[in-house]
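Participant: Submitted below is the structure of interest, expressed as structure tokens.
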Amino acid sequence: MNVYMDHEASRPVDPLVLEAMMPYFSEKFGNPASFHKLGFEAQRAMKTARGQVASLIDAQESEIIFTSSATESNNLGLIGAARRHRKRGNRIVVSGIEHISVLNVCKELGREGFEIKYVPVDSEGIIELDRLSELVNDETVLVSVMVANGEIGTIQPVKEVAEVAHQHGALFHTDATAAAGQISLDVSTMEIDLMTLSSNDLYGPRGTGCLYVRTGLRLKPLMIGGGQEAGMRSGSENIPGIVGMGKAAELAKETLLAEATRLTRLRDRLIRGMMESVPDSYLNGHRKQRLPNNVNMRFSYIEGESLILSLDQLGIQVSSGSACTAKTLEPSHVLLSLGLKHEEAHGSLVFTLGKGNNEGDVEYVIQHMPGVVRKLRAMSPLTPEELR
Amino acid sequence: MNVYMDHEASRPVDPLVLEAMMPYFSEKFGNPASFHKLGFEAQRAMKTARGQVASLIDAQESEIIFTSSATESNNLGLIGAARRHRKRGNRIVVSGIEHISVLNVCKELGREGFEIKYVPVDSEGIIELDRLSELVNDETVLVSVMVANGEIGTIQPVKEVAEVAHQHGALFHTDATAAAGQISLDVSTMEIDLMTLSSNDLYGPRGTGCLYVRTGLRLKPLMIGGGQEAGMRSGSENIPGIVGMGKAAELAKETLLAEATRLTRLRDRLIRGMMESVPDSYLNGHRKQRLPNNVNMRFSYIEGESLILSLDQLGIQVSSGSACTAKTLEPSHVLLSLGLKHEEAHGSLVFTLGKGNNEGDVEYVIQHMPGVVRKLRAMSPLTPEELR
Amino acid sequence: MMYTEKVLDHFRNPRNVGEIEDADGVGTVGNPVCGDLMSIYIKVEDDRISDIKFKTFGCGAAIATTSMTTELAKGRTLDEAMQITREKVAEELGGLPPVKMHCSNLAADALHEAVTNYRTKNDGEGVS
Amino acid sequence: MMYTEKVLDHFRNPRNVGEIEDADGVGTVGNPVCGDLMSIYIKVEDDRISDIKFKTFGCGAAIATTSMTTELAKGRTLDEAMQITREKVAEELGGLPPVKMHCSNLAADALHEAVTNYRTKNDGEGVS
Ligand SMILES: Cc1ncc(COP(=O)(O)O)c(C=O)c1O
Ligand SMILES: Cc1ncc(COP(=O)(O)O)c(C=O)c1O
């Protein structure tokens with residue numbers, strides 16, 4: 001039995017997406033800048049993909065700037081907006097549970113002289129809107145708060161955040177990487193100026209992401225050169241990747257509601273099943289304002305890596321925090337922001353479900369968790385007498 | 001009949017490369033940061049690819065930083081080195097025929113206060129080493145001269161340039177995008193500090209490139225976040241793309257010599273054939289110091305786009321300058337650097353050969369060129385009486 | 001940047017290519033340095049364009065727009081010819097890529113110049 | 001970051017897990033805040049480690065290195081036990097991922113602490 005529940009770290013490319021991409025590797029391999037039939041074919045393919053992605057978030061084609069990843073989109077969105085619109089103000093306000101790419105970009109902008117303010121979240125991971133209103137002022141150039149956190153699953157009240165930003169004339173960026181494909185996104189009703197999306201989170205290929213840039217908004221480009229993507233992102237376009245992201249966005253839009261309902265049911269069964277069968281286990285994040293596919297659990301007295309390793313032996317793949325930060329050996333900054341102690345953060349597991357998971361998978365995990373936890377707790381010097 | 005001779009703009013992915021990539025889309029789709037079997041599999045795949053790319057240029061695995069394109073590598077190499085090593089000096093010296101990504105990056109660095117000096121090339125496109133020696137001084141932080149120019153095919157005396165740079169303590173970057181896979185590259189005998197490579201020029205997939213960074217050299221990263229690629233390039237790795245670039249590099253190394261010999265013969269036949277059959281046609285660039293696959297010809301009295309369009313109708317795809325600059329409608333800065341007049345530059349065509357081309361293709365082009373040129377010349381008010 | 005079938009047709013089979021040795025009016029616009037140069041030659045009878053020819057150095061759009069312009073102008077009165085605008089020419093071709101609208105779509109100007117050239121010469125003759 | 005088969009074996013089937021109620025020496029290193037805490041318990045007979053047990057809170061490497069350390073130490077003289085280094089433990093496991101060499105490979109220290117703890121107590125007794 002193999003149960004992959006690490007969709008936040010990586011997702012398989014959907015077979016239909018791969019099928020759509022295939023012709024663009026070796027047959028329709030033209031450069032859209034070329035002035036001949038292969039070039040024109042590539043231009044048409046890009047236009048279609050741009051439309052598909054735009055449609056997922058109710059944007060216009062021309063508002064989609066393709067990049068190589070969500071990380072690049074976050075870098076371009078934040079650095080590009082801050083440097084270009086510096087005269088609007090010197091303050092940048094972000095939540096404390098943003099992805100490491102947003103936080104590290106803010107650190108860098110801090111070194112460049114911007115004043116960075118972090119808005120805390122409550123113990124369930126929801127941004128404190130009161131604090132936000134205090135921190136956003138007329139000197140604020142940019143506010144960035146993610147739609148949802150992929151690690152603890154918490155969904156933020158993004159529209160309210162956008163309103164606060166706009167009241168003060170600040171631009172609003174949101175990282176929708178983890179949310180896209182799981183909850184509906186609409187850039188106009190949500191009042192978004194800049195939005196980050198990743199292809200892989202939609203079951204599209206790695207190596208492609210995009211930044212939504214509201215019509216009329218200009219950014220200072222991060223990568224300069226031939227002037228592709230309206231001059232905001234140079235480099236010959238990755239057509240197979242872009243075609244793949246387009247197809248993935250189209251499929252995501254079609255299946256969103258049904259899949260969200262299905263995953264929410266599996267998610268709730270998994271949470272309940274583990275809480276009931278494993279003593280001293282707790283849910284991290286918000287019980288309801290939560291991505292349909294996210295289960296983040298804390299198992300006291302033991303450490304996450306040894307949990308992952310034990311589960312891997314049983315054919316269950318999970319994660320212990322954002323996969324992107326695993327190598328730092330630091331406990332997740334997201335969990336610490338909830339007020340968890342270091343040792344509590346160390347013992348947390350992230351199960352992220354996806355298309356391939358079914359009820360059998362959930363039951364398999366529920367069945368094996370108690371034994372795995374028990375074995376590790378028996379080895380741990382922290383485990384209280386009654387749990388050994 | 002279809003004859004694709006625009007390999008500088010884009011190349012088809014080699015079937016063996018695509019085969020190597022395929023498992024990494026939907027089966028071995030793990031994130032190398034993940035701590036389970038799929039993650040480990042991805043780590044191994046990356047390591048293999050890094051070794052394959054390193055081997056092509058005689059570097060070490062750890063010296064290869066994967067990026068999303070040659071443009072990104074040029075941006076990272078130049079911006080990253082200049083900003084990080086600013087204390088070495090304030091001057092940057094580049095050739096006037098670098099790719100637009102290098103030139104635009106230099107403009108940007110110029111705005112940041114660096115002093116940019118451009119070394120001219122002679123009428124055949126070879127960098128003027130005397131002028132280089134005058135321009136590189138002890139205040140120079142960085143010298144960048146490409147190995148070969150993809151548009152006119154000229155191969156530069158890179159080792160000599162590197163020596164001048166190093167005599168003055170400057171770092172040396174070279175853009176090997178157009179050269180890789182066509183001529184042997186060896187970063188140690190060539191004394192390279194930073195080298196840009198692109199996957200697609202090796203018949204690998206779009207969306208992947210790399211920067212060779214000599215051991216011990218640190219750069220200021222362009223994209224920040226999770227700290228992938230030794231902290232020099234953040235963002236979850238594009239494993240299928242990286243695997244593809246690795247395989248492409250391996251194949252390029254194996255076939256380099258035989259393919260260079262074969263292409264050189266086709267190239268020379270194509271040049272001779274067109275010069276003999278089309279009056280007032282000239283070769284741009286150097287006759288001998290030239291990439292095996294490059295033919296850049298000038299046809300007086302007519303304009304390049306209408307030539308391309310006519311050839312496209314006959315199933316022949318070519319380019320009229322770097323594909324990346326076509327959309328600016330400006331004549332190629334490379335051709336102008338050779339001392340050509342604007343109208344001469346407008347009438348130039350670039351034929352770039354590749355694996356798929358054979359003698360039949362070359363003869364087909366030679367057969368059709370005279371008619372195409374004659375028809376356009378008959379329409380042109382510039383054509384002298386005797387050629388109508 | 002793609003051309004319509006109509007543009008490609010006029011590029012492949014340009015109408016009215018050539019010069020008129022004893023033209024009544026000639027108009028030339030553009031500059032080879034910029035990549036476009038077009039000359040239009042007209043014969044005028046009874047204030048109508050009885051014959052028209054062109055020569056163009058330039059891109060596909062430049063050739064197609066000149067060809068289309070001559071076709072639109074042939075047989076028209078001079079006043080009608082002066083009403084033929086760049087936009088009209090582009091429209092008749094089913095549209096042009098935006099970047100080409102401004103840089104290669106000069107043929108209407110050449111036509112107007114040819115008419116003006118004819119009128120200037122004839123006014124001149126009338127006065128002298 | 002991959003573990004060797006040997007590491008995985010010691011993780012899956014850790015040797016000598018447990019506590020010794022009436023241990024002659026106990027050594028504890030690490031800190032749960034950092035994600036690693038390990039205790040080693042020893043029984044000593046004739047200056048030899050006659051029994052040894054451990055408890056570990058931590059990652060796979062922490063568990064495997066403690067397990068391996070107890071296996072290496074069992075039956076050894078105290079002086080021999082003091083010679084067992086972190087490097088030796090890692091080597092016996094077929095190597096550790098570089099990042100783990102410094103952060104989770106603390107078991108040898110716990111062993112040395114257990115021996116020192118035993119000696120201190122016994123010196124204490126001898127002197128008192
Ligand atoms: C919310 C969020 N933003 C950005 C990223 C970065 O994505 P990538 O590493 O693909 O660039 C992630 C990755 O997990 C994420 O969860
Ligand atoms: C020499 C050279 N450098 C860099 C590039 C940029 O490559 P890309 O557009 O794939 O980033 C090119 C593209 O043609 C090139 O010829």
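How things are named: the first chain in the structure tokens is A, the next is B, and so on; residues count from 1 in each chain; ligands count from 1 in the order shown.
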Run DSSP on the backbone and give me the residues of region 120-361 of chain B it puts in strand (DSSP E or B), as a ChimeraX atom specification.
Facilitator: /B:121,127,140-144,148,154-155,171-175,194-198,209-213,281-283,290,294-299,316-317,319,348-352
Participant: Which residues, written as a short mmCIF file (atom, residue, chain, number, x, y, z; two decimals) with all heavy atoms, in the first residue's frame, have at least one atom at most 10 Å from Thr65 (chain C), with only C-alpha atoms counted and residues fewer than 5 positions away on the same chain left out?
Facilitator:
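File written: part.cif
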```cif
data_model
loop_
_atom_site.label_atom_id
_atom_site.label_comp_id
_atom_site.auth_asym_id
_atom_site.auth_seq_id
_atom_site.Cartn_x
_atom_site.Cartn_y
_atom_site.Cartn_z
N VAL C 7 -3.45 39.49 -45.77
CA VAL C 7 -2.11 40.10 -45.83
C VAL C 7 -1.16 39.16 -46.57
O VAL C 7 -0.43 39.57 -47.48
CB VAL C 7 -1.56 40.38 -44.41
CG1 VAL C 7 -0.10 40.82 -44.47
CG2 VAL C 7 -2.41 41.44 -43.70
N HIS C 10 -1.75 39.22 -50.30
CA HIS C 10 -1.19 40.40 -50.96
C HIS C 10 0.34 40.37 -50.96
O HIS C 10 0.98 40.92 -51.84
CB HIS C 10 -1.71 41.69 -50.31
CG HIS C 10 -3.00 42.15 -50.88
ND1 HIS C 10 -3.08 43.05 -51.91
CD2 HIS C 10 -4.28 41.78 -50.60
CE1 HIS C 10 -4.35 43.27 -52.22
NE2 HIS C 10 -5.10 42.48 -51.44
N PHE C 11 0.92 39.74 -49.94
CA PHE C 11 2.37 39.62 -49.92
C PHE C 11 2.85 38.65 -50.99
O PHE C 11 3.78 38.92 -51.73
CB PHE C 11 2.83 39.15 -48.54
CG PHE C 11 4.29 38.80 -48.48
CD1 PHE C 11 5.26 39.81 -48.52
CD2 PHE C 11 4.73 37.47 -48.43
CE1 PHE C 11 6.61 39.49 -48.50
CE2 PHE C 11 6.07 37.16 -48.41
CZ PHE C 11 7.01 38.17 -48.44
N PRO C 14 1.46 40.22 -54.90
CA PRO C 14 1.21 41.67 -54.82
C PRO C 14 0.62 42.18 -56.12
O PRO C 14 1.03 41.79 -57.22
CB PRO C 14 2.60 42.25 -54.55
CG PRO C 14 3.57 41.20 -54.99
CD PRO C 14 2.89 39.89 -54.86
N THR C 56 8.24 48.55 -53.25
CA THR C 56 8.41 48.61 -51.79
C THR C 56 9.63 47.82 -51.35
O THR C 56 9.85 46.70 -51.79
CB THR C 56 7.15 48.07 -51.07
OG1 THR C 56 6.07 48.95 -51.33
CG2 THR C 56 7.36 47.95 -49.57
N GLY C 60 6.74 42.26 -44.71
CA GLY C 60 5.53 41.73 -45.30
C GLY C 60 4.38 42.71 -45.23
O GLY C 60 3.64 42.90 -46.21
N THR C 70 -2.86 50.25 -53.60
CA THR C 70 -2.98 50.47 -55.04
C THR C 70 -4.29 49.87 -55.56
O THR C 70 -4.94 50.44 -56.42
CB THR C 70 -1.80 49.83 -55.82
OG1 THR C 70 -1.78 48.42 -55.61
CG2 THR C 70 -0.47 50.43 -55.39
N GLU C 71 -4.66 48.75 -55.00
CA GLU C 71 -5.90 48.13 -55.44
C GLU C 71 -7.11 48.99 -55.09
O GLU C 71 -8.04 49.15 -55.89
CB GLU C 71 -6.05 46.74 -54.82
CG GLU C 71 -6.99 45.86 -55.62
CD GLU C 71 -6.93 44.41 -55.17
OE1 GLU C 71 -7.36 44.12 -54.03
OE2 GLU C 71 -6.45 43.57 -55.94
N ARG C 86 -4.77 55.01 -43.71
CA ARG C 86 -4.05 53.83 -43.22
C ARG C 86 -5.00 52.84 -42.56
O ARG C 86 -4.89 51.63 -42.74
CB ARG C 86 -3.03 54.25 -42.15
CG ARG C 86 -1.93 55.14 -42.65
CD ARG C 86 -0.99 55.32 -41.49
NE ARG C 86 0.02 56.32 -41.75
CZ ARG C 86 1.08 56.50 -40.95
NH1 ARG C 86 1.23 55.76 -39.86
NH2 ARG C 86 1.98 57.40 -41.23
N VAL C 89 -6.93 50.87 -45.04
CA VAL C 89 -6.10 49.85 -45.67
C VAL C 89 -5.95 48.64 -44.74
O VAL C 89 -6.15 47.48 -45.16
CB VAL C 89 -4.70 50.42 -46.03
CG1 VAL C 89 -3.78 49.31 -46.53
CG2 VAL C 89 -4.83 51.54 -47.05
N ALA C 90 -5.67 48.90 -43.49
CA ALA C 90 -5.49 47.81 -42.52
C ALA C 90 -6.79 47.02 -42.40
O ALA C 90 -6.78 45.78 -42.36
CB ALA C 90 -5.06 48.38 -41.17
N GLU C 92 -9.18 46.66 -44.62
CA GLU C 92 -9.40 45.85 -45.81
C GLU C 92 -8.55 44.59 -45.79
O GLU C 92 -8.88 43.59 -46.42
CB GLU C 92 -9.08 46.66 -47.08
CG GLU C 92 -10.09 47.74 -47.40
CD GLU C 92 -11.41 47.15 -47.92
OE1 GLU C 92 -11.36 46.10 -48.59
OE2 GLU C 92 -12.48 47.74 -47.63
N LEU C 93 -7.43 44.65 -45.09
CA LEU C 93 -6.54 43.48 -45.00
C LEU C 93 -6.93 42.56 -43.85
O LEU C 93 -6.23 41.59 -43.56
CB LEU C 93 -5.08 43.93 -44.83
CG LEU C 93 -4.42 44.51 -46.08
CD1 LEU C 93 -3.13 45.23 -45.72
CD2 LEU C 93 -4.14 43.42 -47.12
N LEU C 96 -3.98 44.35 -38.92
CA LEU C 96 -2.52 44.19 -38.91
C LEU C 96 -2.08 44.00 -37.47
O LEU C 96 -2.75 44.47 -36.55
CB LEU C 96 -1.84 45.45 -39.46
CG LEU C 96 -1.80 45.67 -40.97
CD1 LEU C 96 -1.16 47.01 -41.28
CD2 LEU C 96 -1.04 44.55 -41.68
N SER C 104 4.78 50.20 -40.45
CA SER C 104 4.90 49.72 -41.83
C SER C 104 3.69 50.07 -42.67
O SER C 104 3.63 49.79 -43.85
CB SER C 104 5.08 48.20 -41.84
OG SER C 104 6.15 47.84 -41.01
N ASN C 105 2.72 50.70 -42.04
CA ASN C 105 1.46 50.98 -42.71
C ASN C 105 1.49 52.41 -43.25
O ASN C 105 0.76 53.29 -42.83
CB ASN C 105 0.34 50.78 -41.69
CG ASN C 105 -1.04 50.91 -42.30
OD1 ASN C 105 -1.16 51.06 -43.52
ND2 ASN C 105 -2.06 50.88 -41.47
N LEU C 106 2.41 52.64 -44.21
CA LEU C 106 2.66 54.00 -44.68
C LEU C 106 2.13 54.22 -46.09
O LEU C 106 2.24 55.32 -46.65
CB LEU C 106 4.17 54.27 -44.71
CG LEU C 106 4.94 53.99 -43.42
CD1 LEU C 106 6.43 54.15 -43.68
CD2 LEU C 106 4.48 54.91 -42.33
N ALA C 107 1.57 53.16 -46.69
CA ALA C 107 1.25 53.24 -48.12
C ALA C 107 0.22 54.32 -48.43
O ALA C 107 0.31 55.00 -49.46
CB ALA C 107 0.77 51.88 -48.61
N ALA C 108 -0.75 54.50 -47.53
CA ALA C 108 -1.75 55.54 -47.77
C ALA C 108 -1.07 56.91 -47.89
O ALA C 108 -1.44 57.73 -48.73
CB ALA C 108 -2.79 55.55 -46.65
#
```
Participant: Using only C-alpha atoms and a cut-off of 9 Å, which residues of chain B sit close to chain C? Please list them as number ranges by chain.
Facilitator: B: 301-307, 309-310, 313, 327, 329-331, 341-344, 346-347, 376-382
Participant: What does the distance between CA of Ser198 (chain A) and CA of Gly235 (chain B) come to in Å, to one decimal place?
Facilitator: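 We find that CA of Ser198 (chain A) and CA of Gly235 (chain B) lie 10.8 Å from each other.
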Participant: Contacts of Glu21 (chain C) at 12 Å or less, counting only C-alpha atoms, minus same-chain residues fewer than 6 places along, as a ChimeraX atom specification?
Facilitator: /C:40-43,51-54
Participant: Find the residues of chain A that sit at most 6 Å from ligand 1; for each, write down the nearest two atoms and how far apart they are in Å, to one decimal. Count only C-alpha atoms and all ligand atoms. Sort by chain, then by number going up, and give it as JSON lines.
Facilitator:
```
{"residue": "A:Ala9", "atom": "CA", "partner": "ligand 1", "partner_atom_place_in_ligand_line": "14 (O)", "distance": 5.8}
{"residue": "A:Ser69", "atom": "CA", "partner": "ligand 1", "partner_atom_place_in_ligand_line": "11 (O)", "distance": 4.3}
{"residue": "A:Ala70", "atom": "CA", "partner": "ligand 1", "partner_atom_place_in_ligand_line": "11 (O)", "distance": 3.9}
{"residue": "A:Thr71", "atom": "CA", "partner": "ligand 1", "partner_atom_place_in_ligand_line": "11 (O)", "distance": 3.5}
{"residue": "A:His99", "atom": "CA", "partner": "ligand 1", "partner_atom_place_in_ligand_line": "3 (N)", "distance": 5.0}
{"residue": "A:Asn149", "atom": "CA", "partner": "ligand 1", "partner_atom_place_in_ligand_line": "1 (C)", "distance": 5.6}
{"residue": "A:Gly150", "atom": "CA", "partner": "ligand 1", "partner_atom_place_in_ligand_line": "16 (O)", "distance": 4.9}
{"residue": "A:Asp175", "atom": "CA", "partner": "ligand 1", "partner_atom_place_in_ligand_line": "1 (C)", "distance": 5.9}
{"residue": "A:Thr177", "atom": "CA", "partner": "ligand 1", "partner_atom_place_in_ligand_line": "1 (C)", "distance": 4.8}
{"residue": "A:Ala178", "atom": "CA", "partner": "ligand 1", "partner_atom_place_in_ligand_line": "1 (C)", "distance": 4.9}
{"residue": "A:Cys324", "atom": "CA", "partner": "ligand 1", "partner_atom_place_in_ligand_line": "14 (O)", "distance": 6.0}
```
Participant: Got time to write the residues from that selection, all heavy atoms, as a PDB file, in the first residue's frame?
Facilitator:
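Dumped to result.pdb:
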```pdb
ATOM      1  N   ALA A   9       3.916  19.574  -0.631  1.00  0.00           N
ATOM      2  CA  ALA A   9       5.325  19.571  -1.056  1.00  0.00           C
ATOM      3  C   ALA A   9       5.440  19.396  -2.559  1.00  0.00           C
ATOM      4  O   ALA A   9       6.276  20.038  -3.198  1.00  0.00           O
ATOM      5  CB  ALA A   9       6.086  18.454  -0.349  1.00  0.00           C
ATOM      6  N   SER A  69       8.127  30.033 -10.973  1.00  0.00           N
ATOM      7  CA  SER A  69       7.704  29.421  -9.709  1.00  0.00           C
ATOM      8  C   SER A  69       6.941  30.425  -8.862  1.00  0.00           C
ATOM      9  O   SER A  69       6.975  31.630  -9.124  1.00  0.00           O
ATOM     10  CB  SER A  69       8.917  28.945  -8.908  1.00  0.00           C
ATOM     11  OG  SER A  69       9.727  30.050  -8.543  1.00  0.00           O
ATOM     12  N   ALA A  70       6.303  29.902  -7.822  1.00  0.00           N
ATOM     13  CA  ALA A  70       5.645  30.783  -6.861  1.00  0.00           C
ATOM     14  C   ALA A  70       6.682  31.661  -6.164  1.00  0.00           C
ATOM     15  O   ALA A  70       6.438  32.835  -5.894  1.00  0.00           O
ATOM     16  CB  ALA A  70       4.877  29.943  -5.836  1.00  0.00           C
ATOM     17  N   THR A  71       7.847  31.086  -5.896  1.00  0.00           N
ATOM     18  CA  THR A  71       8.910  31.873  -5.272  1.00  0.00           C
ATOM     19  C   THR A  71       9.265  33.068  -6.144  1.00  0.00           C
ATOM     20  O   THR A  71       9.375  34.199  -5.655  1.00  0.00           O
ATOM     21  CB  THR A  71      10.160  30.990  -5.055  1.00  0.00           C
ATOM     22  OG1 THR A  71       9.834  29.982  -4.087  1.00  0.00           O
ATOM     23  CG2 THR A  71      11.336  31.807  -4.574  1.00  0.00           C
ATOM     24  N   HIS A  99       4.860  32.578   3.480  1.00  0.00           N
ATOM     25  CA  HIS A  99       5.887  31.637   3.025  1.00  0.00           C
ATOM     26  C   HIS A  99       7.266  32.279   3.161  1.00  0.00           C
ATOM     27  O   HIS A  99       7.404  33.494   3.059  1.00  0.00           O
ATOM     28  CB  HIS A  99       5.632  31.260   1.555  1.00  0.00           C
ATOM     29  CG  HIS A  99       6.571  30.213   1.040  1.00  0.00           C
ATOM     30  ND1 HIS A  99       7.638  30.515   0.235  1.00  0.00           N
ATOM     31  CD2 HIS A  99       6.612  28.879   1.244  1.00  0.00           C
ATOM     32  CE1 HIS A  99       8.285  29.386  -0.058  1.00  0.00           C
ATOM     33  NE2 HIS A  99       7.683  28.381   0.534  1.00  0.00           N
ATOM     34  N   ASN A 149      -2.618  29.327   4.166  1.00  0.00           N
ATOM     35  CA  ASN A 149      -1.315  28.777   4.481  1.00  0.00           C
ATOM     36  C   ASN A 149      -1.309  27.282   4.203  1.00  0.00           C
ATOM     37  O   ASN A 149      -2.154  26.540   4.712  1.00  0.00           O
ATOM     38  CB  ASN A 149      -1.014  29.058   5.952  1.00  0.00           C
ATOM     39  CG  ASN A 149       0.361  28.600   6.339  1.00  0.00           C
ATOM     40  OD1 ASN A 149       0.643  27.409   6.361  1.00  0.00           O
ATOM     41  ND2 ASN A 149       1.246  29.547   6.607  1.00  0.00           N
ATOM     42  N   GLY A 150      -0.351  26.835   3.413  1.00  0.00           N
ATOM     43  CA  GLY A 150      -0.329  25.445   3.002  1.00  0.00           C
ATOM     44  C   GLY A 150       0.041  24.488   4.111  1.00  0.00           C
ATOM     45  O   GLY A 150      -0.244  23.296   4.030  1.00  0.00           O
ATOM     46  N   ASP A 175      -0.482  35.814  -1.765  1.00  0.00           N
ATOM     47  CA  ASP A 175       0.121  34.568  -2.221  1.00  0.00           C
ATOM     48  C   ASP A 175      -0.971  33.512  -2.198  1.00  0.00           C
ATOM     49  O   ASP A 175      -1.393  33.070  -1.133  1.00  0.00           O
ATOM     50  CB  ASP A 175       1.279  34.213  -1.276  1.00  0.00           C
ATOM     51  CG  ASP A 175       1.975  32.918  -1.661  1.00  0.00           C
ATOM     52  OD1 ASP A 175       1.494  32.217  -2.575  1.00  0.00           O
ATOM     53  OD2 ASP A 175       3.010  32.613  -1.041  1.00  0.00           O
ATOM     54  N   THR A 177      -0.737  30.560  -3.693  1.00  0.00           N
ATOM     55  CA  THR A 177      -0.130  29.287  -4.091  1.00  0.00           C
ATOM     56  C   THR A 177      -0.865  28.085  -3.512  1.00  0.00           C
ATOM     57  O   THR A 177      -1.219  27.156  -4.238  1.00  0.00           O
ATOM     58  CB  THR A 177       1.343  29.252  -3.625  1.00  0.00           C
ATOM     59  OG1 THR A 177       2.001  30.393  -4.150  1.00  0.00           O
ATOM     60  CG2 THR A 177       2.034  27.989  -4.080  1.00  0.00           C
ATOM     61  N   ALA A 178      -1.062  28.100  -2.214  1.00  0.00           N
ATOM     62  CA  ALA A 178      -1.644  26.931  -1.555  1.00  0.00           C
ATOM     63  C   ALA A 178      -3.162  26.879  -1.711  1.00  0.00           C
ATOM     64  O   ALA A 178      -3.770  25.818  -1.586  1.00  0.00           O
ATOM     65  CB  ALA A 178      -1.265  26.909  -0.079  1.00  0.00           C
ATOM     66  N   CYS A 324       9.597  23.294   2.005  1.00  0.00           N
ATOM     67  CA  CYS A 324      10.633  24.224   1.565  1.00  0.00           C
ATOM     68  C   CYS A 324      11.547  24.625   2.709  1.00  0.00           C
ATOM     69  O   CYS A 324      12.623  25.166   2.478  1.00  0.00           O
ATOM     70  CB  CYS A 324       9.982  25.445   0.946  1.00  0.00           C
ATOM     71  SG  CYS A 324       8.607  25.017  -0.127  1.00  0.00           S
TER      72      CYS A 324
END
```
Participant: Got a sec to check which residues lie within 9 Å of ligand 2, using only C-alpha atoms and all ligand atoms, and send them as a PyMOL selection string?
Facilitator: (chain A and resi 225-226+228+234-238) or (chain B and resi 8-10+68-74+98-102+146-151+175-179+196-201+206-209+322-325)
Participant: Please return, as an MDAnalysis selection string, all residues of region 24-119 of chain D that DSSP assigns to helix (DSSP H, G or I) on the basis of the backbone.
Facilitator: chainID D and resid 32:34 60:73 78:83 86:92 98:103 107:119
Participant: Which neighbours of Leu142 (chain A) fall inside 9 Å, counting only C-alpha atoms, when residues of the same chain fewer than 4 positions from it are skipped, and could you give them as a ChimeraX atom specification?
Facilitator: /A:78,81-82,85,88-94,136,165,169-173
Participant: To one decimal place in Å, what is the distance between CA of Val158 (chain B) and CA of Glu191 (chain B)?
Facilitator: 8.8 Å
Participant: So that I can see what lies close to Gln289 (chain A), please list as a list of chain:residue names the residues with an atom at most 9 Å from it, counting only C-alpha atoms and leaving out residues fewer than 3 positions away in the same chain.
Facilitator: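 Skipping anything fewer than 3 positions along the chain leaves A:Ile126, A:Gly153, A:Thr154, A:Ile155, A:Gln156, A:Gly285, A:His286.
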Participant: Can I get the selection written as a PDB file, in the first residue's frame, with C-alpha atoms?
Facilitator:
```
ATOM      1  CA  ILE A 126      -6.107  33.827  11.563  1.00  0.00           C
ATOM      2  CA  GLY A 153      -4.367  25.236   6.095  1.00  0.00           C
ATOM      3  CA  THR A 154      -5.781  28.409   7.621  1.00  0.00           C
ATOM      4  CA  ILE A 155      -7.759  30.589   5.212  1.00  0.00           C
ATOM      5  CA  GLN A 156      -7.370  34.338   5.726  1.00  0.00           C
ATOM      6  CA  GLY A 285      -4.768  25.656  12.786  1.00  0.00           C
ATOM      7  CA  HIS A 286      -8.411  26.578  12.495  1.00  0.00           C
TER       8      HIS A 286
END
```
Participant: Could you tell me how far CA of Lys159 (chain A) lies from CA of His7 (chain A), in Å and to one decimal?
Facilitator: 26.4 Å
Participant: Taking only C-alpha atoms into account, name the residue in B:Gly181, B:Gly96, B:Gly51, B:Gly204 that is nearest to chain A.
Facilitator: B:Gly204
Participant: I'd like the neighbourhood of Ile57 (chain A) as a list in words, where a residue qualifies if any of its atoms comes within 8 Å (using only C-alpha atoms), though same-chain residues fewer than 6 positions away should be ignored.
Facilitator: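 Close residues of Ile57 (chain A): Ser184, Leu185, Asp186 and Val187 of chain A.
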